[in-house]
Structure formats: C-alpha cells, structure tokens
file upload02.cif (mmCIF, C-alpha atoms)
data_run
loop_
_atom_site.label_atom_id
_atom_site.label_comp_id
_atom_site.auth_asym_id
_atom_site.auth_seq_id
_atom_site.Cartn_x
_atom_site.Cartn_y
_atom_site.Cartn_z
CA MET A 103 -127.74 69.59 70.63
CA GLY A 104 -129.20 66.14 71.27
CA LEU A 105 -131.49 64.31 68.92
CA PHE A 106 -134.37 64.62 71.39
CA SER A 107 -133.76 68.05 72.87
CA ASP A 108 -134.81 71.60 72.12
CA SER A 109 -132.68 73.62 69.74
CA PRO A 110 -130.76 76.71 70.94
CA GLU A 111 -133.13 78.90 68.88
CA PHE A 112 -136.17 77.43 70.59
CA LYS A 113 -134.65 77.88 74.05
CA LEU A 114 -133.72 81.52 73.37
CA ARG A 115 -137.17 82.28 72.01
CA LYS A 116 -138.86 80.58 74.95
CA ALA A 117 -136.80 82.56 77.48
CA LYS A 118 -137.48 85.94 75.85
CA PRO A 119 -140.83 87.62 76.74
CA PHE A 120 -142.73 88.25 73.54
CA SER A 121 -143.39 91.62 72.03
CA PRO A 122 -144.62 92.13 68.43
CA THR A 123 -142.06 93.21 65.88
CA LYS A 124 -141.33 96.91 65.45
CA VAL A 125 -140.31 96.38 61.82
CA ARG A 126 -142.85 97.70 59.33
CA LEU A 127 -144.22 95.75 56.38
CA VAL A 128 -143.30 98.60 54.03
CA ASP A 129 -139.66 98.35 55.16
CA ILE A 130 -139.63 94.60 54.52
CA HIS A 131 -141.01 95.06 51.02
CA ALA A 132 -138.50 97.81 50.32
CA ALA A 133 -135.62 95.50 51.28
CA VAL A 134 -136.51 92.76 48.76
CA PRO A 135 -135.20 93.36 45.21
CA LYS A 136 -137.80 93.39 42.46
CA TYR A 137 -135.95 90.82 40.32
CA LEU A 138 -136.77 88.12 42.87
CA TYR A 139 -140.44 88.34 41.87
CA LYS A 140 -139.66 87.28 38.30
CA LYS A 141 -141.02 83.88 37.26
CA ASN A 142 -138.76 81.72 35.12
CA ALA A 143 -140.93 79.17 33.33
CA PHE A 144 -137.93 77.30 31.94
CA ARG A 145 -136.37 76.92 35.36
CA ALA A 146 -139.71 75.80 36.77
CA SER A 147 -140.06 73.24 33.98
CA LEU A 148 -136.70 71.72 34.97
CA HIS A 149 -137.94 71.29 38.54
CA ILE A 150 -141.20 69.79 37.28
CA SER A 151 -139.37 67.40 34.96
CA ARG A 152 -137.07 66.30 37.77
CA ASP A 153 -140.04 65.64 40.06
CA ILE A 154 -141.75 63.48 37.43
CA LEU A 155 -138.60 61.62 36.38
CA CYS A 156 -137.66 60.83 39.98
CA ALA A 157 -141.07 59.27 40.59
CA ILE A 158 -140.83 57.23 37.38
CA ALA A 159 -137.28 56.08 38.19
CA LEU A 160 -138.25 54.98 41.69
CA TYR A 161 -141.30 53.17 40.31
CA GLN A 162 -139.21 51.30 37.74
CA LEU A 163 -136.56 50.39 40.29
CA ALA A 164 -139.23 49.11 42.69
CA TRP A 165 -140.40 46.59 40.08
CA GLU A 166 -136.96 45.01 40.29
CA ILE A 167 -137.11 44.42 44.04
CA GLU A 168 -139.03 41.16 43.75
CA THR A 169 -136.96 39.80 40.88
CA PHE A 170 -133.28 40.43 41.45
CA LEU A 171 -133.01 38.65 44.82
CA GLY A 172 -133.52 34.99 45.69
CA GLY A 173 -135.92 33.51 48.19
CA SER A 174 -133.72 32.95 51.24
CA ARG A 175 -134.59 34.47 54.59
CA ARG A 176 -131.70 36.92 54.30
CA HIS A 177 -132.88 37.99 50.89
CA HIS A 178 -136.42 38.32 52.22
CA ILE A 179 -135.22 40.81 54.84
CA ILE A 180 -133.29 42.74 52.21
CA LYS A 181 -136.37 42.88 50.00
CA TRP A 182 -138.47 44.46 52.73
CA ALA A 183 -135.68 46.89 53.58
CA LEU A 184 -135.64 47.95 49.93
CA TRP A 185 -139.42 48.34 49.94
CA VAL A 186 -139.14 50.64 52.97
CA CYS A 187 -136.54 52.69 51.11
CA TYR A 188 -138.89 52.93 48.14
CA TRP A 189 -141.87 53.92 50.29
CA VAL A 190 -140.00 56.69 52.06
CA SER A 191 -138.31 57.97 48.90
CA GLN A 192 -141.45 57.92 46.79
CA SER A 193 -143.49 59.56 49.54
CA ILE A 194 -141.01 62.44 49.61
CA VAL A 195 -141.25 62.78 45.82
CA PHE A 196 -145.07 62.73 46.10
CA THR A 197 -144.83 65.46 48.75
CA GLY A 198 -142.74 67.43 46.29
CA TRP A 199 -145.62 67.10 43.81
CA TRP A 200 -147.94 68.53 46.45
CA CYS A 201 -145.50 71.38 47.12
CA MET A 202 -145.21 72.09 43.38
CA GLY A 203 -149.00 72.24 43.19
CA HIS A 204 -148.87 74.65 46.13
CA GLU A 205 -146.46 76.90 44.24
CA ALA A 206 -148.70 76.71 41.19
CA CYS A 207 -151.72 77.79 43.23
CA HIS A 208 -149.81 80.97 44.10
CA GLY A 209 -148.96 81.60 40.45
CA ASN A 210 -145.23 80.92 40.81
CA VAL A 211 -144.70 78.38 38.02
CA SER A 212 -145.42 80.75 35.15
CA GLU A 213 -146.64 84.25 34.36
CA TYR A 214 -149.63 82.58 32.69
CA ARG A 215 -152.48 81.66 35.00
CA TRP A 216 -153.65 78.69 32.91
CA ILE A 217 -150.21 77.09 33.05
CA ASN A 218 -150.16 77.41 36.83
CA HIS A 219 -153.58 75.82 37.11
CA LEU A 220 -152.66 73.04 34.69
CA VAL A 221 -149.54 72.17 36.68
CA GLY A 222 -151.29 72.41 40.05
CA PHE A 223 -154.30 70.38 38.93
CA PHE A 224 -152.08 67.72 37.33
CA PHE A 225 -149.85 67.15 40.35
CA HIS A 226 -152.55 67.36 43.00
CA THR A 227 -154.93 65.08 41.13
CA LEU A 228 -152.21 62.41 40.86
CA ILE A 229 -151.98 62.33 44.67
CA LEU A 230 -155.77 62.60 45.24
CA SER A 231 -155.74 66.19 46.43
CA PRO A 232 -158.61 68.50 45.32
CA TYR A 233 -156.50 71.27 43.78
CA PHE A 234 -159.04 74.02 43.11
CA ALA A 235 -161.01 73.38 46.30
CA TRP A 236 -157.89 73.39 48.47
CA ARG A 237 -156.54 76.43 46.61
CA SER A 238 -159.60 78.42 47.68
CA THR A 239 -159.24 77.65 51.38
CA HIS A 240 -155.46 77.98 51.25
CA HIS A 241 -155.76 81.56 50.05
CA LEU A 242 -158.08 82.26 53.00
CA HIS A 243 -155.39 80.83 55.28
CA HIS A 244 -152.86 83.29 53.88
CA LYS A 245 -155.24 86.21 54.42
CA ALA A 246 -155.73 85.39 58.11
CA THR A 247 -152.68 83.47 59.31
CA ALA A 248 -152.59 83.11 63.13
CA SER A 249 -155.93 84.90 63.53
CA ILE A 250 -157.99 82.94 66.04
CA GLU A 251 -161.23 84.30 64.62
CA ARG A 252 -160.51 83.96 60.89
CA GLU A 253 -157.76 81.36 60.38
CA GLU A 254 -158.73 78.30 58.32
CA ASN A 255 -156.02 75.82 59.39
CA TYR A 256 -154.89 74.42 62.74
CA VAL A 257 -157.30 76.59 64.68
CA PRO A 258 -156.58 76.00 68.39
CA ARG A 259 -159.16 74.74 70.81
CA THR A 260 -159.97 77.08 73.67
CA ARG A 261 -160.44 76.55 77.39
CA SER A 262 -164.21 76.57 76.98
CA ASP A 263 -164.05 74.12 74.06
CA LEU A 264 -162.46 71.60 76.44
CA ASN A 265 -164.88 72.42 79.27
CA LEU A 266 -162.02 73.42 81.53
CA PRO A 267 -162.82 75.53 84.62
CA PRO A 268 -161.98 79.25 84.46
CA GLU A 269 -158.28 79.91 84.98
CA PRO A 270 -158.61 81.65 88.39
CA ILE A 271 -160.25 78.62 89.98
CA ALA A 272 -158.70 75.78 87.97
CA ILE A 273 -156.40 73.42 89.86
CA PRO A 274 -153.82 70.98 88.38
CA THR A 275 -156.15 67.99 88.63
CA ASP A 276 -158.73 69.82 86.49
CA TYR A 277 -156.24 69.96 83.64
CA HIS A 278 -154.91 66.47 84.16
CA GLU A 279 -158.39 64.96 84.25
CA ILE A 280 -159.07 66.21 80.72
CA LEU A 281 -155.62 66.53 79.14
CA GLU A 282 -153.52 63.82 80.78
CA GLU A 283 -152.62 60.99 78.40
CA THR A 284 -150.75 57.72 78.65
CA PRO A 285 -147.68 57.50 76.38
CA MET A 286 -149.44 54.87 74.25
CA TYR A 287 -152.50 57.09 73.79
CA THR A 288 -150.26 59.98 72.74
CA VAL A 289 -148.51 57.78 70.18
CA VAL A 290 -151.81 56.52 68.76
CA ARG A 291 -153.22 60.05 68.60
CA MET A 292 -150.13 61.26 66.74
CA LEU A 293 -150.21 58.31 64.33
CA ILE A 294 -153.86 58.98 63.48
CA MET A 295 -153.08 62.64 62.87
CA GLN A 296 -150.00 61.91 60.78
CA LEU A 297 -151.54 59.24 58.57
CA LEU A 298 -155.15 60.44 58.37
CA GLY A 299 -155.03 64.11 59.35
CA TRP A 300 -154.80 65.48 55.82
CA ASN A 301 -157.83 63.50 54.65
CA MET A 302 -159.72 64.26 57.85
CA TYR A 303 -159.20 67.94 57.10
CA LEU A 304 -160.40 67.56 53.52
CA PHE A 305 -163.43 65.38 54.38
CA THR A 306 -164.52 66.84 57.74
CA HIS A 307 -162.59 70.13 58.10
CA THR A 308 -160.92 68.82 61.27
CA LEU A 309 -158.86 71.58 62.95
CA GLY A 310 -160.40 74.06 60.52
CA SER A 311 -162.35 77.17 61.41
CA PRO A 312 -165.30 76.56 63.78
CA ARG A 313 -167.25 79.18 61.81
CA HIS A 314 -168.29 76.47 59.38
CA PRO A 315 -171.13 74.05 60.16
CA LYS A 316 -170.76 70.35 60.87
CA GLY A 317 -170.31 68.36 57.66
CA THR A 318 -168.15 70.99 55.97
CA ASN A 319 -165.73 69.47 53.45
CA HIS A 320 -163.64 70.26 50.37
CA PHE A 321 -165.76 68.26 47.92
CA ASN A 322 -169.18 69.93 48.14
CA PRO A 323 -169.36 72.95 45.80
CA SER A 324 -172.05 74.47 48.05
CA SER A 325 -169.87 74.26 51.16
CA THR A 326 -169.52 77.45 53.18
CA LEU A 327 -165.77 77.19 52.53
CA PHE A 328 -166.33 78.45 48.99
CA LYS A 329 -167.59 81.59 47.35
CA PRO A 330 -169.88 81.26 44.30
CA HIS A 331 -167.02 81.86 41.86
CA ASP A 332 -165.07 78.95 43.40
CA ARG A 333 -167.70 76.31 42.81
CA TRP A 334 -166.91 75.23 39.25
CA GLY A 335 -163.32 74.75 40.37
CA VAL A 336 -164.56 72.45 43.13
CA VAL A 337 -166.53 70.46 40.55
CA ALA A 338 -163.40 70.21 38.36
CA SER A 339 -161.41 68.95 41.36
CA ASP A 340 -164.06 66.32 42.07
CA ILE A 341 -164.06 65.14 38.45
CA GLY A 342 -160.27 64.92 38.53
CA LEU A 343 -160.31 62.84 41.71
CA ILE A 344 -162.98 60.48 40.38
CA SER A 345 -160.98 60.03 37.18
CA MET A 346 -157.79 59.31 39.15
CA CYS A 347 -159.60 56.78 41.33
CA LEU A 348 -160.87 55.03 38.19
CA LEU A 349 -157.36 54.94 36.76
CA LEU A 350 -156.04 53.44 40.00
CA TYR A 351 -158.87 50.89 39.95
CA LYS A 352 -158.08 49.86 36.37
CA TRP A 353 -154.36 49.68 37.13
CA THR A 354 -155.05 47.55 40.21
CA GLN A 355 -157.15 45.15 38.14
CA THR A 356 -154.15 44.68 35.86
CA THR A 357 -151.33 44.48 38.41
CA GLY A 358 -153.12 43.23 41.54
CA ILE A 359 -153.98 44.64 44.93
CA SER A 360 -150.51 43.87 46.29
CA SER A 361 -148.90 46.10 43.65
CA PHE A 362 -151.39 48.87 44.35
CA LEU A 363 -150.58 48.75 48.07
CA LYS A 364 -146.82 48.61 47.57
CA PHE A 365 -146.38 51.05 44.69
CA TYR A 366 -149.02 53.69 45.45
CA PHE A 367 -150.97 53.31 48.68
CA VAL A 368 -148.09 53.11 51.18
CA PRO A 369 -146.24 56.11 49.65
CA TYR A 370 -149.58 57.94 49.57
CA MET A 371 -150.12 57.34 53.30
CA LEU A 372 -146.60 58.54 54.06
CA LEU A 373 -147.28 61.57 51.85
CA ASN A 374 -150.09 62.40 54.29
CA HIS A 375 -147.55 62.24 57.10
CA TRP A 376 -145.14 64.65 55.42
CA ILE A 377 -147.92 67.14 54.57
CA ILE A 378 -149.12 67.21 58.17
CA MET A 379 -145.61 67.38 59.63
CA LEU A 380 -144.70 70.20 57.27
CA THR A 381 -147.79 72.35 57.78
CA PHE A 382 -148.46 71.55 61.45
CA LEU A 383 -144.94 72.51 62.52
CA GLN A 384 -145.01 75.64 60.38
CA HIS A 385 -148.04 76.98 62.24
CA SER A 386 -148.09 75.35 65.67
CA ASP A 387 -145.40 75.89 68.30
CA PRO A 388 -145.41 76.60 72.05
CA THR A 389 -143.34 79.77 71.56
CA ILE A 390 -145.28 81.32 68.66
CA PRO A 391 -148.20 83.71 69.36
CA MET A 392 -151.70 83.80 67.94
CA TYR A 393 -153.81 86.91 67.75
CA ARG A 394 -157.35 88.10 68.11
CA ASN A 395 -158.68 90.82 65.88
CA ARG A 396 -157.60 93.87 67.86
CA GLN A 397 -153.94 92.83 67.74
CA TRP A 398 -153.82 90.86 64.48
CA SER A 399 -152.27 92.21 61.29
CA PHE A 400 -151.05 90.57 58.11
CA LEU A 401 -147.42 91.12 59.13
CA ARG A 402 -147.90 89.70 62.62
CA GLY A 403 -149.67 86.67 61.22
CA ALA A 404 -146.97 86.04 58.63
CA LEU A 405 -144.28 86.22 61.31
CA SER A 406 -146.19 83.74 63.49
CA THR A 407 -144.76 80.88 61.48
CA VAL A 408 -141.55 78.89 61.85
CA ASP A 409 -138.81 77.98 59.39
CA ARG A 410 -137.39 74.49 59.89
CA PRO A 411 -134.76 72.51 57.95
CA LEU A 412 -137.22 69.69 57.25
CA LEU A 413 -135.41 66.80 55.53
CA GLY A 414 -132.29 68.94 55.10
CA TRP A 415 -130.96 68.99 51.53
CA ALA A 416 -133.77 66.67 50.41
CA GLY A 417 -136.29 69.23 51.67
CA ARG A 418 -134.54 71.93 49.70
CA ILE A 419 -134.65 69.87 46.51
CA PHE A 420 -137.83 67.81 46.66
CA LEU A 421 -140.06 69.97 48.90
CA HIS A 422 -139.06 73.12 47.02
CA ASN A 423 -137.92 75.04 50.12
CA ALA A 424 -141.37 74.73 51.69
CA GLY A 425 -140.00 74.04 55.17
CA HIS A 426 -136.88 76.17 55.03
CA ASP A 427 -138.41 79.43 53.78
CA HIS A 428 -141.99 79.49 55.01
CA ILE A 429 -141.88 82.93 56.62
CA ALA A 430 -140.60 84.40 53.36
CA HIS A 431 -143.41 82.61 51.54
CA HIS A 432 -146.08 84.10 53.81
CA LEU A 433 -144.71 87.59 53.32
CA PHE A 434 -144.14 87.17 49.58
CA THR A 435 -146.45 84.49 48.18
CA ASN A 436 -145.76 85.70 44.63
CA ILE A 437 -142.00 85.10 44.78
CA PRO A 438 -141.16 81.65 43.34
CA TRP A 439 -139.66 78.97 45.56
CA TYR A 440 -136.20 79.05 43.95
CA ASN A 441 -135.80 82.73 44.98
CA GLN A 442 -137.17 82.36 48.51
CA PRO A 443 -133.77 81.49 50.09
CA HIS A 444 -132.57 84.97 49.09
CA VAL A 445 -135.64 86.49 50.77
CA THR A 446 -135.02 84.47 53.92
CA ASN A 447 -131.47 85.80 54.17
CA ILE A 448 -132.81 89.36 53.91
CA LEU A 449 -135.45 88.67 56.56
CA LYS A 450 -132.91 87.22 58.99
CA GLU A 451 -130.88 90.41 58.85
CA LEU A 452 -133.87 92.74 58.93
CA LEU A 453 -135.95 91.00 61.61
CA GLY A 454 -133.21 89.82 63.95
CA ASN A 455 -134.79 88.05 66.92
CA ASP A 456 -138.25 88.43 65.36
CA TYR A 457 -137.31 85.81 62.75
CA ASN A 458 -138.46 82.38 63.95
CA TYR A 459 -136.19 79.46 63.16
CA ASP A 460 -135.98 76.08 64.85
CA SER A 461 -133.37 73.43 64.14
CA THR A 462 -134.90 70.97 66.62
CA ASN A 463 -135.12 67.47 65.18
CA VAL A 464 -138.48 67.58 63.39
CA PHE A 465 -139.75 64.32 64.87
CA TYR A 466 -139.03 65.55 68.38
CA ALA A 467 -140.54 68.93 67.48
CA LEU A 468 -143.65 67.09 66.29
CA TYR A 469 -143.91 65.27 69.62
CA ARG A 470 -143.25 68.49 71.55
CA THR A 471 -145.90 70.44 69.68
CA SER A 472 -148.43 67.61 69.87
CA THR A 473 -148.05 67.33 73.65
CA GLN A 474 -147.52 70.98 74.64
CA CYS A 475 -149.95 72.79 72.31
CA ARG A 476 -153.25 71.73 73.88
CA PHE A 477 -155.44 74.84 74.14
CA VAL A 478 -155.51 78.65 74.31
CA GLU A 479 -157.42 80.98 76.58
CA ASP A 480 -160.84 82.31 75.55
CA ASN A 481 -159.68 85.85 76.27
CA GLY A 482 -156.59 87.84 75.42
CA ASP A 483 -155.56 89.62 72.24
CA ILE A 484 -152.19 87.85 72.06
CA VAL A 485 -152.15 84.27 73.30
CA PHE A 486 -149.88 81.25 73.42
CA TYR A 487 -150.69 77.57 73.55
CA LYS A 488 -150.90 76.03 77.01
CA ASN A 489 -149.89 72.51 78.01
CA LYS A 490 -151.60 69.78 80.03
CA ASP A 491 -150.76 71.68 83.22
CA GLY A 492 -152.44 74.85 81.97
CA LYS A 493 -149.09 76.61 81.58
CA ALA A 494 -147.86 78.62 78.60
CA ALA A 495 -144.27 78.15 77.43
CA ARG A 496 -143.76 81.86 76.83
CA GLU A 497 -144.78 85.12 78.48
CA LEU A 498 -145.83 88.44 77.04
CA ALA A 499 -143.53 91.41 77.52
CA HIS A 500 -144.97 94.18 79.68
CA ASP A 501 -145.31 96.46 76.63
CA ALA A 502 -146.57 93.80 74.19
CA LEU A 503 -150.06 95.30 73.91
CA ASN A 504 -148.85 98.89 73.57
CA TYR A 505 -148.04 98.68 69.87
CA PRO A 506 -150.90 99.02 67.39
CA ALA A 507 -151.34 96.24 64.84
CA CYS A 508 -150.10 97.41 61.45
#
call {"tool": "encode", "arguments": {"input": "upload02.cif", "output": "structure tokens"}}
result
Amino acid sequence: MGLFSDSPEFKLRKAKPFSPTKVRLVDIHAAVPKYLYKKNAFRASLHISRDILCAIALYQLAWEIETFLGGSRRHHIIKWALWVCYWVSQSIVFTGWWCMGHEACHGNVSEYRWINHLVGFFFHTLILSPYFAWRSTHHLHHKATASIEREENYVPRTRSDLNLPPEPIAIPTDYHEILEETPMYTVVRMLIMQLLGWNMYLFTHTLGSPRHPKGTNHFNPSSTLFKPHDRWGVVASDIGLISMCLLLYKWTQTTGISSFLKFYFVPYMLLNHWIIMLTFLQHSDPTIPMYRNRQWSFLRGALSTVDRPLLGWAGRIFLHNAGHDHIAHHLFTNIPWYNQPHVTNILKELLGNDYNYDSTNVFYALYRTSTQCRFVEDNGDIVFYKNKDGKAARELAHDALNYPAC
C-alpha cells in the first residue's frame, strides 16, 4: 500500500454495497466479559503521572535548546529542527491530556465521580478546553452518533444547504460551480480547519447541529446546548479558562512572548490539529453511512465510526487508544481505555465485515475525507457523503432498508 493510496480495507468497504449489520446489540454486550468494565484507579494514576511527567520532561529539555548549541548557521538549523521536534512531541502529549479528560468525562478514571471530574477539569483547563461544557455536548454526541437530525458534531451539509439543484436535473457543471476548488484553496481550507477548527466549534458551533441558533457557543451558560443542570458546570469551566489565561499572562510577563509562543502556543495550535484529525476521521468517511430517524439506532450510529491506527504506537500510549478503539468506545463508553483493545478484538470477530477499520495513511485520509465528503442528500433514510461531482463513493444494498432499526 502506497503512502498516498487507499488501504485494502477502504477499497473492500467501498466495493461492497452497504446493508446495516444483522448483529444485535444484546449479542455484542453478551460477548464482552464483565471484568473489562472494572476501573483500576491505580493503573489510571500511572497513565496520568506519565502524561504529566512527559510534558514536564519535554518542557525542561526545550529550555536547553537555546543554550547547548553555538551560534553558527549549522547550529541555527539544528536549533530549529529541535524546536520542531519539541512542538510535535509536546502537542501529542497535550492531545493525550485532552484524551485523558475525555476518559474522565465518561467516568473511566475512577469509580468516584468527583475524581473523574477533578482529573478531566485539570487536564482540559491546562489546554484551554471547557471541560464541563464540552462534556455536556459530548454526551449528546454519544446519544445520537451519525443521526442527521440529532447529531452534535460534524453534521453534514445537505444539497439544499449548498443551494444545489435537485438531483434529477443537476448537471456536472452545477456541482463544479459550487464545489470545485483549486488545490491551493483546498490546502488553505484544510489548514484553517486543522488549526482553528476546534476553537471554531467551541466559539461558534461550526459543524455542529443546525438546531441551535446563530451565536451558539460552549461558554454561555444559557446556550441552547445546555440543560439547566449543566449551567453551573459551564460557569466552572469559564472560571477555569479565565484563571488559566491569567496564569499564562503572568508566565509570559516573566519569560517573554517568545517563550510563550515556543513553549505553549505552537504546541497548543498543533494540539488543535490532532483533535480535529482524530475526531473528524472517526466520524467522517466516504464509505460510512449516516441515518435519518426512521433507520437510526444506537447500534447503527456506534458502528458508523472508523478505527484508525493514528500515530501507531504513540497513539496507543499517548492518545490512550482513542484512534485505535473508537468503535469499542462508542459501544461501551464505560469501559476504560486500557481495556478497549480487548473489546476491539471481540468486535472484529463478532462483526466481521461490519467492523470499520482503515489503515490508510491518516494525512492522506484527511485529504480524501476533506475533498470527497462535501454534502448529503436532503432525502433518504440511509445516506452517504457525495463528492464535488455529486457522486457517492458507496451504494446501498437492495435490501438495506428492509431491516428495522434496533
């Protein structure tokens, strides 16, 4: 398989007409041993300690970059190469903090709720993420994954949203006029999404549910995103973020703006990239269906996600299996991350071809999804993304609509 080519799994899935799984949710739950649900606080604390110590070690090493080399041109190049290594490494560690906060929001760090919230709030606040506010909308995402009407994240635009002509009368130039892009425009669009997409979602609910009014965000306790019982959590998140911003301001006054940019801001921006890459590719793919209410079910939504070996062994260690075992996570949110690989192995055997895995290089997969997943039809109970030519990558099987959602 080439670096910039589709994986064998993707090609097989694309060639096979889609029909919803015949496996029942009750059978999946029966196949997973009860001991995998057990939370091990000591084991979790080792992961947490490692995440913190890695960030501290990288930070301390980075301080040495400017001092241990001379001022020649060759040394100057080496310095910047080392800074790039720091930025990438620290951004991955920061993403691990976000993933640990994600596990905490599902109650997987400890049996005690307050410990989970303490861990989640601590890690997310350090990377300027509103823990309690995001936790509320994230739970809504899990309740309606891949539901066009009720999903909260990466909700696709429809034909009518783009003002495209109806499918029976649309011609290729209609699609190209609206969806055609120059390569440079595509690159710029992807860069904006990768570096700013996470904050755009938090501040403006970009690619969120269109049910919410303009101006919806994760910082207003009265936002329609939240129920009344969520609002004090939103206030706590806001206070945490303000406090973190003040700490960063004070630290910048002491060390200088250059240190702030090098040590925190650049890794933070790359953290945004990893969050978007991770979550976007989990839930957006040309071969994965989305459902409207008559055909949606919790099981079908959970299986409309994709496992990917994001960052390989580093993803296993620092991202806490978030990319490798996402289907298992959607089916069993209350099983901790260190047990999810066992669940994934069970699912592979039980689901067979209904298990979605893709070993495509993630950067190529990001480009493929960004360019091929442009819109869905306004009608249809099971739909796939269509590309700039108005074509879907996958077809429905003739019996796809004959099985009731369950």
call {"tool": "residues_around", "arguments": {"input": "upload02.cif", "residues": "Leu503 in chain A", "least_positions_apart": "2", "cutoff": "9 Å", "atoms": "all atoms listed in the file", "output": "short mmCIF file (atom, residue, chain, number, x, y, z; two decimals) with C-alpha atoms, in the coordinates of the input"}}
result
data_model
loop_
_atom_site.label_atom_id
_atom_site.label_comp_id
_atom_site.auth_asym_id
_atom_site.auth_seq_id
_atom_site.Cartn_x
_atom_site.Cartn_y
_atom_site.Cartn_z
CA SER A 121 -143.39 91.62 72.03
CA PRO A 122 -144.62 92.13 68.43
CA GLN A 397 -153.94 92.83 67.74
CA ASP A 483 -155.56 89.62 72.24
CA ILE A 484 -152.19 87.85 72.06
CA LEU A 498 -145.83 88.44 77.04
CA ALA A 499 -143.53 91.41 77.52
CA HIS A 500 -144.97 94.18 79.68
CA ASP A 501 -145.31 96.46 76.63
CA TYR A 505 -148.04 98.68 69.87
CA PRO A 506 -150.90 99.02 67.39
#
call {"tool": "residues_around", "arguments": {"input": "upload02.cif", "residues": "Asn322 in chain A", "least_positions_apart": "3", "cutoff": "9 Å", "atoms": "only C-alpha atoms", "output": "number ranges by chain"}}
result
A: 318-319, 325, 333, 336-337, 340
call {"tool": "closest_residue", "arguments": {"input": "upload02.cif", "among": "A:Thr247, A:Asn436, A:Thr275, A:Thr446", "to": "Arg410 in chain A", "atoms": "all atoms listed in the file"}}
result
A:Thr446
call {"tool": "resolve_selection", "arguments": {"input": "upload02.cif", "expression": "the PyMOL selection byres ((chain A and resi 295) around 12)", "output": "PyMOL selection string"}}
result
chain A and resi 256+288-294+296-303+308-309+371-372+374-379+382+468-469+472
call {"tool": "atom_distance", "arguments": {"input": "upload02.cif", "atom1": "CA of Thr381 in chain A", "atom2": "CA of Leu138 in chain A"}}
result
24.3 Å
call {"tool": "resolve_selection", "arguments": {"input": "upload02.cif", "expression": "the PyMOL selection byres ((chain A and resi 384) around 8)", "output": "ChimeraX atom specification"}}
result
/A:380-383,385-387,407-410,425,428
call {"tool": "resolve_selection", "arguments": {"input": "upload02.cif", "expression": "the PyMOL selection byres ((chain A and resi 443) around 12)", "output": "ChimeraX atom specification"}}
result
/A:134,138,409,411,418,422-431,434,437-442,444-450
call {"tool": "closest_residue", "arguments": {"input": "upload02.cif", "among": "A:Pro274, A:Gly310, A:Gly198, A:Gly417", "to": "Thr239 in chain A", "atoms": "all atoms listed in the file"}}
result
A:Gly310
call {"tool": "closest_residue", "arguments": {"input": "upload02.cif", "among": "A:Ile250, A:Leu453, A:Tyr277, A:Leu264", "to": "Asn481 in chain A", "atoms": "all atoms listed in the file"}}
result
A:Ile250
call {"tool": "atom_distance", "arguments": {"input": "upload02.cif", "atom1": "CA of Tyr188 in chain A", "atom2": "CA of Leu373 in chain A"}}
result
12.6 Å
call {"tool": "atom_distance", "arguments": {"input": "upload02.cif", "atom1": "CA of Phe223 in chain A", "atom2": "CA of His244 in chain A"}}
result
19.8 Å
call {"tool": "closest_residue", "arguments": {"input": "upload02.cif", "among": "A:Gln474, A:Ser406, A:Asn265, A:Thr227", "to": "Ser339 in chain A", "atoms": "only C-alpha atoms"}}
result
A:Thr227
call {"tool": "residues_around", "arguments": {"input": "upload02.cif", "residues": "Lys116 in chain A", "least_positions_apart": "6", "cutoff": "10 Å", "atoms": "all atoms listed in the file", "output": "list of chain:residue names"}}
result
A:Pro110, A:Pro388, A:Thr389, A:Ile390, A:Ala494, A:Ala495, A:Arg496, A:Glu497
call {"tool": "closest_residue", "arguments": {"input": "upload02.cif", "among": "A:Ser262, A:Thr284, A:Thr123, A:Thr462", "to": "Ser399 in chain A", "atoms": "all atoms listed in the file"}}
result
A:Thr123
call {"tool": "decode", "arguments": {"input": "upload02.cif", "residues": "range 249-260 of chain A", "atoms": "N, CA and C atoms", "output": "PDB file, in the first residue's frame"}}
result
ATOM      1  N   SER A 249     -26.667  10.433  13.522  1.00  0.00           N
ATOM      2  CA  SER A 249     -28.050  10.815  13.250  1.00  0.00           C
ATOM      3  C   SER A 249     -28.057  12.217  12.643  1.00  0.00           C
ATOM      4  N   ILE A 250     -28.541  12.339  11.435  1.00  0.00           N
ATOM      5  CA  ILE A 250     -28.511  13.637  10.756  1.00  0.00           C
ATOM      6  C   ILE A 250     -29.355  14.660  11.507  1.00  0.00           C
ATOM      7  N   GLU A 251     -30.451  14.210  12.101  1.00  0.00           N
ATOM      8  CA  GLU A 251     -31.320  15.155  12.802  1.00  0.00           C
ATOM      9  C   GLU A 251     -30.799  15.550  14.172  1.00  0.00           C
ATOM     10  N   ARG A 252     -30.092  14.646  14.880  1.00  0.00           N
ATOM     11  CA  ARG A 252     -29.806  14.888  16.296  1.00  0.00           C
ATOM     12  C   ARG A 252     -28.321  14.908  16.644  1.00  0.00           C
ATOM     13  N   GLU A 253     -27.455  14.578  15.726  1.00  0.00           N
ATOM     14  CA  GLU A 253     -26.013  14.586  15.991  1.00  0.00           C
ATOM     15  C   GLU A 253     -25.538  15.998  16.337  1.00  0.00           C
ATOM     16  N   GLU A 254     -24.525  16.090  17.194  1.00  0.00           N
ATOM     17  CA  GLU A 254     -23.990  17.377  17.622  1.00  0.00           C
ATOM     18  C   GLU A 254     -22.654  17.724  16.968  1.00  0.00           C
ATOM     19  N   ASN A 255     -21.981  16.760  16.356  1.00  0.00           N
ATOM     20  CA  ASN A 255     -20.642  17.000  15.806  1.00  0.00           C
ATOM     21  C   ASN A 255     -20.560  16.584  14.346  1.00  0.00           C
ATOM     22  N   TYR A 256     -19.853  17.368  13.559  1.00  0.00           N
ATOM     23  CA  TYR A 256     -19.605  17.061  12.148  1.00  0.00           C
ATOM     24  C   TYR A 256     -20.907  16.712  11.409  1.00  0.00           C
ATOM     25  N   VAL A 257     -21.891  17.560  11.613  1.00  0.00           N
ATOM     26  CA  VAL A 257     -23.170  17.376  10.931  1.00  0.00           C
ATOM     27  C   VAL A 257     -23.000  17.765   9.463  1.00  0.00           C
ATOM     28  N   PRO A 258     -23.319  16.885   8.532  1.00  0.00           N
ATOM     29  CA  PRO A 258     -23.060  17.192   7.116  1.00  0.00           C
ATOM     30  C   PRO A 258     -24.003  18.250   6.562  1.00  0.00           C
ATOM     31  N   ARG A 259     -23.497  19.014   5.618  1.00  0.00           N
ATOM     32  CA  ARG A 259     -24.352  19.934   4.886  1.00  0.00           C
ATOM     33  C   ARG A 259     -25.136  19.152   3.834  1.00  0.00           C
ATOM     34  N   THR A 260     -26.323  19.631   3.539  1.00  0.00           N
ATOM     35  CA  THR A 260     -27.187  18.937   2.588  1.00  0.00           C
ATOM     36  C   THR A 260     -27.188  19.652   1.234  1.00  0.00           C
TER      37      THR A 260
END
